[in-house]
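Peer 1: Just passing along the structure, written as structure tokens.
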Amino acid sequence: MAAGKKFIVQSNWKMNKTFEEGLAYISAIRSAEPRFLGAVELVLCVPFTLLKVLAGEAPGIPCISMGAQNVHWEEKGAFTGEISAAMLSDAGARYCVVGHSERREYFADTDERVQWKAKACLKHGITPIVCIGESFQERKRGQTLAKLEYQFLTCFEGFTSQAMENTVIEYEPIWAIGSGHVATPQQAGEAHHFIREMIKKYYSEATALQTRIIYGGSVKVKNVLEMTQARDTDGVGVGSDSWDVQNFIKISETCAQRVSKRKAS
Ligand code: PGA
């Protein structure tokens with residue numbers, strides 16, 4: 001684990017939750033916080049409408065960081081329906097998911113746009129959580145690592161070492177998202193290790209150590225322990241199983257215990 005950085009447990013709310021539901025979620029985390037042993041950082045990626053108000057609650061709960069789920073790459077202007085990194089930062093976002101496969105599939109996010117978006121985040125002090133990963137067909141054809149390398153080189157083109165270290169890379173195999181088919185710890189570990197080696201190759205060993213790599217795709221209460229054991233894993237990203245706060249608390253507790261054990265050994 002990178003020095004000074006914590007294991008991430010990310011919750012992606014997607015297009016879910018009203019104001020009242022969001023507040024109830026945060027309040028449940030506040031009560032459960034002592035159980036996380038200060039070992040993990042809970043990153044809540046919420047709808048834009050909830051960001052500012054929930055970020056206002058978060059300072060009293062040190063384990064929580066607020067995040068958004070998308071951003072536009074331009075600073076400002078006539079982009080109806082879009083939101084800028086400056087606005088997200090102003091609303092209290094410390095993280096932003098970029099290049100989620102649902103954005104790629106339904107809203108035409110390309111690897112190049114992902115790169116622009118990630119750079120816009122970094123410019124405004126927001127840590128981009130950049131999602132990369134292969135489709136089922138690509139995995140079947142043995143193209144997983146080639147796809148990861150292509151995405152790595154395109155999404156992070158022009159990144160300095162410092163930018164890389166301030167980025168979180170989320171390995172999200174497309175076939176695992178929302179499908180209930182989680183990757184095996186071996187599959188996730190192989191991808192994470194490959195990504196870590198690419199950072200070493202194109203940057204340095206120090207940068208590779210400082211950059212957090214997390215796994216997302218059908219992580220659930222029932223499988224999170226094994227996913228934390230995958231090689232080179234600095235966190236997990238959870239979608240549907242985290243929408244129920246009690247599940248998210250259980251997942252976070254499992255991660256916190258695992259991380260504390262790892263440190264002790
Ligand atoms: P899932 O979603 O956990 O429902 O598969 C993961 C994600 O979209 O980040």
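Residues in the structure tokens are numbered from 1 in each chain, the chains being A, B, ... in the order shown, and ligands are numbered from 1 in the order shown.
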Please produce, as a tab-separated table, a per-residue contact table for segment 123-242 of chain A versus segment 1-6 of chain A (criterion: any atom at most 10 Å away, only C-alpha atoms considered), showing the nearest atom pair and its distance in Å to one decimal, sorted by chain then residue number.
Peer 2:
residue	atom	partner	partner_atom	distance
A:Glu165	CA	A:Ala2	CA	9.4
A:Ala206	CA	A:Ala2	CA	9.2
A:Thr207	CA	A:Ala2	CA	9.3
A:Ala208	CA	A:Ala2	CA	8.8
A:Leu209	CA	A:Ala2	CA	5.5
A:Gln210	CA	A:Ala2	CA	4.6
A:Thr211	CA	A:Ala2	CA	6.9
A:Arg212	CA	A:Ala2	CA	7.1
A:Ile213	CA	A:Met1	CA	9.7
A:Asp232	CA	A:Met1	CA	8.3
A:Thr233	CA	A:Met1	CA	8.2
A:Asp234	CA	A:Met1	CA	6.3
A:Gly235	CA	A:Lys6	CA	8.4
Peer 1: May I ask you to write as a ChimeraX atom specification all residues lying at most 9 Å from ligand 1, with only C-alpha atoms and all ligand atoms counted?
Peer 2: /A:10-14,97,100-102,131,170,172,174-182,215-220,236-242
Peer 1: Please save N, CA, C and O atoms of the selected residues as a compact mmCIF listing (two decimals), in the first residue's frame.
Peer 2:
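Result file follows (again_13.txt):
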# COMPACT_ATOMS: atom_id res chain seq x y z
N GLN A 10 -14.97 2.14 -2.31
CA GLN A 10 -15.74 3.12 -3.07
C GLN A 10 -17.17 2.62 -3.26
O GLN A 10 -17.40 1.45 -3.57
N SER A 11 -18.12 3.52 -3.04
CA SER A 11 -19.51 3.19 -3.33
C SER A 11 -19.98 4.05 -4.49
O SER A 11 -19.93 5.27 -4.41
N ASN A 12 -20.42 3.41 -5.56
CA ASN A 12 -20.94 4.14 -6.71
C ASN A 12 -22.46 4.08 -6.65
O ASN A 12 -23.06 3.04 -6.89
N TRP A 13 -23.07 5.21 -6.32
CA TRP A 13 -24.54 5.23 -6.16
C TRP A 13 -25.25 5.21 -7.51
O TRP A 13 -26.44 4.97 -7.57
N LYS A 14 -24.53 5.51 -8.58
CA LYS A 14 -25.16 5.61 -9.91
C LYS A 14 -26.38 6.54 -9.82
O LYS A 14 -26.33 7.52 -9.08
N VAL A 97 -15.29 9.64 -10.58
CA VAL A 97 -15.18 8.48 -11.48
C VAL A 97 -15.12 9.00 -12.91
O VAL A 97 -15.89 9.88 -13.29
N HIS A 100 -16.32 5.33 -16.62
CA HIS A 100 -17.07 4.13 -16.23
C HIS A 100 -17.66 3.48 -17.48
O HIS A 100 -18.05 4.19 -18.42
N SER A 101 -17.77 2.17 -17.49
CA SER A 101 -18.21 1.50 -18.72
C SER A 101 -19.64 1.92 -19.11
O SER A 101 -19.99 1.90 -20.29
N GLU A 102 -20.45 2.29 -18.11
CA GLU A 102 -21.81 2.75 -18.48
C GLU A 102 -21.73 4.10 -19.20
O GLU A 102 -22.51 4.36 -20.12
N CYS A 131 -11.54 4.34 -14.89
CA CYS A 131 -11.95 2.94 -15.08
C CYS A 131 -11.44 2.41 -16.42
O CYS A 131 -11.67 3.03 -17.46
N GLU A 170 -9.00 2.13 -11.67
CA GLU A 170 -9.95 1.08 -11.29
C GLU A 170 -10.04 0.07 -12.42
O GLU A 170 -10.45 0.41 -13.54
N GLU A 172 -12.01 -2.49 -14.03
CA GLU A 172 -13.41 -2.90 -14.04
C GLU A 172 -13.69 -3.69 -15.31
O GLU A 172 -14.03 -3.09 -16.34
N ILE A 174 -15.63 -5.19 -18.04
CA ILE A 174 -17.00 -4.79 -18.40
C ILE A 174 -17.99 -5.91 -18.10
O ILE A 174 -19.11 -5.67 -17.65
N TRP A 175 -17.55 -7.14 -18.33
CA TRP A 175 -18.44 -8.29 -18.13
C TRP A 175 -18.79 -8.52 -16.66
O TRP A 175 -19.73 -9.27 -16.34
N ALA A 176 -18.06 -7.89 -15.75
CA ALA A 176 -18.33 -8.11 -14.32
C ALA A 176 -19.26 -7.05 -13.74
O ALA A 176 -19.80 -7.23 -12.65
N ILE A 177 -19.45 -5.95 -14.48
CA ILE A 177 -20.22 -4.84 -13.91
C ILE A 177 -21.72 -5.10 -14.00
O ILE A 177 -22.26 -5.30 -15.08
N GLY A 178 -22.33 -5.11 -12.83
CA GLY A 178 -23.79 -5.28 -12.76
C GLY A 178 -24.26 -6.65 -13.21
O GLY A 178 -25.46 -6.87 -13.38
N SER A 179 -23.34 -7.60 -13.39
CA SER A 179 -23.73 -8.91 -13.93
C SER A 179 -23.82 -9.98 -12.86
O SER A 179 -24.39 -11.04 -13.09
N GLY A 180 -23.23 -9.71 -11.69
CA GLY A 180 -23.16 -10.75 -10.66
C GLY A 180 -21.99 -11.70 -10.89
O GLY A 180 -21.74 -12.58 -10.06
N HIS A 181 -21.25 -11.52 -12.00
CA HIS A 181 -20.10 -12.40 -12.27
C HIS A 181 -18.82 -11.67 -11.88
O HIS A 181 -18.20 -11.00 -12.71
N VAL A 182 -18.43 -11.81 -10.64
CA VAL A 182 -17.20 -11.15 -10.18
C VAL A 182 -15.99 -11.85 -10.82
O VAL A 182 -16.04 -13.05 -11.10
N TYR A 215 -10.18 -2.70 -7.61
CA TYR A 215 -11.01 -3.59 -8.45
C TYR A 215 -12.50 -3.24 -8.30
O TYR A 215 -12.97 -3.02 -7.18
N GLY A 216 -13.23 -3.21 -9.40
CA GLY A 216 -14.69 -3.04 -9.35
C GLY A 216 -15.38 -3.99 -10.31
O GLY A 216 -14.84 -4.33 -11.38
N GLY A 217 -16.60 -4.38 -9.96
CA GLY A 217 -17.40 -5.27 -10.81
C GLY A 217 -17.96 -6.42 -9.98
O GLY A 217 -17.22 -7.37 -9.68
N SER A 218 -19.24 -6.28 -9.56
CA SER A 218 -19.93 -7.32 -8.78
C SER A 218 -19.25 -7.67 -7.45
O SER A 218 -19.30 -8.82 -7.01
N VAL A 219 -18.61 -6.67 -6.85
CA VAL A 219 -18.10 -6.87 -5.48
C VAL A 219 -19.31 -6.84 -4.55
O VAL A 219 -20.18 -5.98 -4.67
N LYS A 220 -19.35 -7.82 -3.64
CA LYS A 220 -20.50 -7.94 -2.76
C LYS A 220 -20.03 -8.35 -1.37
O LYS A 220 -18.87 -8.76 -1.19
N VAL A 236 -11.50 -1.48 -3.33
CA VAL A 236 -12.58 -2.09 -4.11
C VAL A 236 -13.62 -1.02 -4.44
O VAL A 236 -13.84 -0.09 -3.68
N GLY A 237 -14.23 -1.19 -5.61
CA GLY A 237 -15.32 -0.31 -6.03
C GLY A 237 -16.60 -1.13 -6.04
O GLY A 237 -16.64 -2.22 -6.62
N VAL A 238 -17.62 -0.63 -5.36
CA VAL A 238 -18.85 -1.40 -5.22
C VAL A 238 -20.03 -0.61 -5.77
O VAL A 238 -20.20 0.57 -5.43
N GLY A 239 -20.83 -1.25 -6.61
CA GLY A 239 -22.04 -0.62 -7.13
C GLY A 239 -23.24 -1.08 -6.36
O GLY A 239 -23.44 -0.72 -5.19
N SER A 240 -24.04 -1.95 -6.99
CA SER A 240 -25.37 -2.25 -6.46
C SER A 240 -25.39 -2.77 -5.02
O SER A 240 -26.30 -2.46 -4.26
N ASP A 241 -24.39 -3.53 -4.62
CA ASP A 241 -24.44 -4.08 -3.25
C ASP A 241 -24.18 -3.00 -2.20
O ASP A 241 -24.40 -3.25 -1.02
N SER A 242 -23.73 -1.83 -2.63
CA SER A 242 -23.46 -0.77 -1.64
C SER A 242 -24.65 0.18 -1.49
O SER A 242 -24.61 1.09 -0.68
Peer 1: Give me the residues of segment 116-150 of chain A that have any atom at most 10 Å from an atom of segment 56-80 of chain A; for each, the nearest atom pair and the distance in Å, rounded to one decimal. Use only C-alpha atoms, sort by chain and number, and format it as a tab-separated table.
Peer 2:
residue	atom	partner	partner_atom	distance
A:Trp116	CA	A:Trp73	CA	5.4
A:Lys117	CA	A:Trp73	CA	4.5
A:Ala118	CA	A:Trp73	CA	7.8
A:Lys119	CA	A:Trp73	CA	7.7
A:Ala120	CA	A:Trp73	CA	5.4
A:Cys121	CA	A:Val71	CA	7.9
A:His124	CA	A:Glu75	CA	10.0
A:Ile126	CA	A:Gly67	CA	8.6
A:Thr127	CA	A:Gly67	CA	8.8
A:Pro128	CA	A:Gly67	CA	9.2
A:Ile129	CA	A:Gln69	CA	9.1
Peer 1: Would you mind exporting all heavy atoms of the selected residues as a PDB file, in the first residue's frame?
Peer 2:
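Listed below is the output, result14.pdb:
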ATOM      1  N   TRP A 116      -8.952  13.590 -21.154  1.00  0.00           N
ATOM      2  CA  TRP A 116      -9.239  15.022 -20.952  1.00  0.00           C
ATOM      3  C   TRP A 116      -9.953  15.251 -19.620  1.00  0.00           C
ATOM      4  O   TRP A 116      -9.676  16.202 -18.901  1.00  0.00           O
ATOM      5  CB  TRP A 116     -10.124  15.566 -22.079  1.00  0.00           C
ATOM      6  CG  TRP A 116      -9.571  15.440 -23.457  1.00  0.00           C
ATOM      7  CD1 TRP A 116      -8.265  15.270 -23.814  1.00  0.00           C
ATOM      8  CD2 TRP A 116     -10.326  15.458 -24.673  1.00  0.00           C
ATOM      9  NE1 TRP A 116      -8.171  15.188 -25.180  1.00  0.00           N
ATOM     10  CE2 TRP A 116      -9.409  15.308 -25.735  1.00  0.00           C
ATOM     11  CE3 TRP A 116     -11.682  15.589 -24.983  1.00  0.00           C
ATOM     12  CZ2 TRP A 116      -9.814  15.281 -27.079  1.00  0.00           C
ATOM     13  CZ3 TRP A 116     -12.086  15.564 -26.305  1.00  0.00           C
ATOM     14  CH2 TRP A 116     -11.161  15.413 -27.345  1.00  0.00           C
ATOM     15  N   LYS A 117     -10.895  14.376 -19.331  1.00  0.00           N
ATOM     16  CA  LYS A 117     -11.672  14.514 -18.098  1.00  0.00           C
ATOM     17  C   LYS A 117     -10.767  14.335 -16.868  1.00  0.00           C
ATOM     18  O   LYS A 117     -10.874  15.065 -15.890  1.00  0.00           O
ATOM     19  CB  LYS A 117     -12.807  13.482 -18.058  1.00  0.00           C
ATOM     20  CG  LYS A 117     -13.910  13.770 -19.059  1.00  0.00           C
ATOM     21  CD  LYS A 117     -14.997  12.705 -18.989  1.00  0.00           C
ATOM     22  CE  LYS A 117     -16.113  13.050 -19.989  1.00  0.00           C
ATOM     23  NZ  LYS A 117     -17.409  12.507 -19.582  1.00  0.00           N
ATOM     24  N   ALA A 118      -9.897  13.325 -16.939  1.00  0.00           N
ATOM     25  CA  ALA A 118      -8.998  13.064 -15.800  1.00  0.00           C
ATOM     26  C   ALA A 118      -8.079  14.271 -15.589  1.00  0.00           C
ATOM     27  O   ALA A 118      -7.834  14.689 -14.449  1.00  0.00           O
ATOM     28  CB  ALA A 118      -8.190  11.800 -16.051  1.00  0.00           C
ATOM     29  N   LYS A 119      -7.600  14.846 -16.683  1.00  0.00           N
ATOM     30  CA  LYS A 119      -6.718  16.015 -16.548  1.00  0.00           C
ATOM     31  C   LYS A 119      -7.486  17.206 -15.958  1.00  0.00           C
ATOM     32  O   LYS A 119      -6.940  17.957 -15.151  1.00  0.00           O
ATOM     33  CB  LYS A 119      -6.115  16.380 -17.908  1.00  0.00           C
ATOM     34  CG  LYS A 119      -4.988  15.430 -18.317  1.00  0.00           C
ATOM     35  CD  LYS A 119      -4.435  15.787 -19.682  1.00  0.00           C
ATOM     36  CE  LYS A 119      -3.278  14.860 -20.068  1.00  0.00           C
ATOM     37  NZ  LYS A 119      -2.971  14.900 -21.501  1.00  0.00           N
ATOM     38  N   ALA A 120      -8.741  17.372 -16.353  1.00  0.00           N
ATOM     39  CA  ALA A 120      -9.555  18.470 -15.796  1.00  0.00           C
ATOM     40  C   ALA A 120      -9.710  18.279 -14.285  1.00  0.00           C
ATOM     41  O   ALA A 120      -9.599  19.243 -13.509  1.00  0.00           O
ATOM     42  CB  ALA A 120     -10.921  18.510 -16.475  1.00  0.00           C
ATOM     43  N   CYS A 121      -9.932  17.042 -13.864  1.00  0.00           N
ATOM     44  CA  CYS A 121     -10.056  16.759 -12.423  1.00  0.00           C
ATOM     45  C   CYS A 121      -8.777  17.153 -11.691  1.00  0.00           C
ATOM     46  O   CYS A 121      -8.803  17.877 -10.683  1.00  0.00           O
ATOM     47  CB  CYS A 121     -10.309  15.273 -12.186  1.00  0.00           C
ATOM     48  SG  CYS A 121     -11.943  14.735 -12.626  1.00  0.00           S
ATOM     49  N   HIS A 124      -8.057  20.655 -10.890  1.00  0.00           N
ATOM     50  CA  HIS A 124      -8.859  21.262  -9.820  1.00  0.00           C
ATOM     51  C   HIS A 124      -8.740  20.483  -8.508  1.00  0.00           C
ATOM     52  O   HIS A 124      -9.614  20.585  -7.646  1.00  0.00           O
ATOM     53  CB  HIS A 124     -10.313  21.393 -10.274  1.00  0.00           C
ATOM     54  CG  HIS A 124     -10.459  22.445 -11.330  1.00  0.00           C
ATOM     55  ND1 HIS A 124     -10.542  23.790 -11.030  1.00  0.00           N
ATOM     56  CD2 HIS A 124     -10.452  22.363 -12.677  1.00  0.00           C
ATOM     57  CE1 HIS A 124     -10.610  24.491 -12.152  1.00  0.00           C
ATOM     58  NE2 HIS A 124     -10.555  23.653 -13.173  1.00  0.00           N
ATOM     59  N   ILE A 126      -8.961  17.347  -7.831  1.00  0.00           N
ATOM     60  CA  ILE A 126      -9.837  16.177  -7.652  1.00  0.00           C
ATOM     61  C   ILE A 126      -9.087  14.938  -8.136  1.00  0.00           C
ATOM     62  O   ILE A 126      -8.470  14.963  -9.207  1.00  0.00           O
ATOM     63  CB  ILE A 126     -11.138  16.346  -8.476  1.00  0.00           C
ATOM     64  CG1 ILE A 126     -11.927  17.542  -7.948  1.00  0.00           C
ATOM     65  CG2 ILE A 126     -11.980  15.082  -8.454  1.00  0.00           C
ATOM     66  CD1 ILE A 126     -13.126  17.915  -8.811  1.00  0.00           C
ATOM     67  N   THR A 127      -9.145  13.867  -7.357  1.00  0.00           N
ATOM     68  CA  THR A 127      -8.500  12.620  -7.763  1.00  0.00           C
ATOM     69  C   THR A 127      -9.412  11.876  -8.736  1.00  0.00           C
ATOM     70  O   THR A 127     -10.517  11.472  -8.348  1.00  0.00           O
ATOM     71  CB  THR A 127      -8.243  11.722  -6.528  1.00  0.00           C
ATOM     72  OG1 THR A 127      -7.387  12.425  -5.640  1.00  0.00           O
ATOM     73  CG2 THR A 127      -7.616  10.389  -6.918  1.00  0.00           C
ATOM     74  N   PRO A 128      -8.975  11.693  -9.984  1.00  0.00           N
ATOM     75  CA  PRO A 128      -9.824  10.916 -10.890  1.00  0.00           C
ATOM     76  C   PRO A 128      -9.711   9.421 -10.578  1.00  0.00           C
ATOM     77  O   PRO A 128      -8.616   8.925 -10.284  1.00  0.00           O
ATOM     78  CB  PRO A 128      -9.243  11.232 -12.277  1.00  0.00           C
ATOM     79  CG  PRO A 128      -7.838  11.642 -12.036  1.00  0.00           C
ATOM     80  CD  PRO A 128      -7.749  12.181 -10.630  1.00  0.00           C
ATOM     81  N   ILE A 129     -10.828   8.749 -10.613  1.00  0.00           N
ATOM     82  CA  ILE A 129     -10.833   7.278 -10.507  1.00  0.00           C
ATOM     83  C   ILE A 129     -11.092   6.796 -11.922  1.00  0.00           C
ATOM     84  O   ILE A 129     -12.227   6.827 -12.409  1.00  0.00           O
ATOM     85  CB  ILE A 129     -11.933   6.784  -9.549  1.00  0.00           C
ATOM     86  CG1 ILE A 129     -11.749   7.382  -8.147  1.00  0.00           C
ATOM     87  CG2 ILE A 129     -11.973   5.256  -9.495  1.00  0.00           C
ATOM     88  CD1 ILE A 129     -12.876   7.031  -7.162  1.00  0.00           C
TER      89      ILE A 129
END
Peer 1: For each of A:Met87, A:Asn16, A:Met164, A:Ser31, take the minimum atom-to-atom distance to Lys200 of chain A, counting only C-alpha atoms, then give the residue where this is smallest.
Peer 2: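 Under the stated criterion, the closest residue is A:Met164.
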Peer 1: Of the residues A:Ser265, A:Val259, A:Gln229, A:Phe248, which is the one nearest to Leu42 of chain A, using only C-alpha atoms?
Peer 2: A:Phe248
Peer 1: Give me, as a count of residues only, the residues of segment 18-238 of chain A that a backbone DSSP run labels alpha helix (DSSP H).
Peer 2: 101
Peer 1: Write down as a ChimeraX atom specification the residues belonging to segment 19-64 of chain A that are assigned strand (DSSP E or B) by DSSP computed on the backbone.
Peer 2: /A:40-45,64
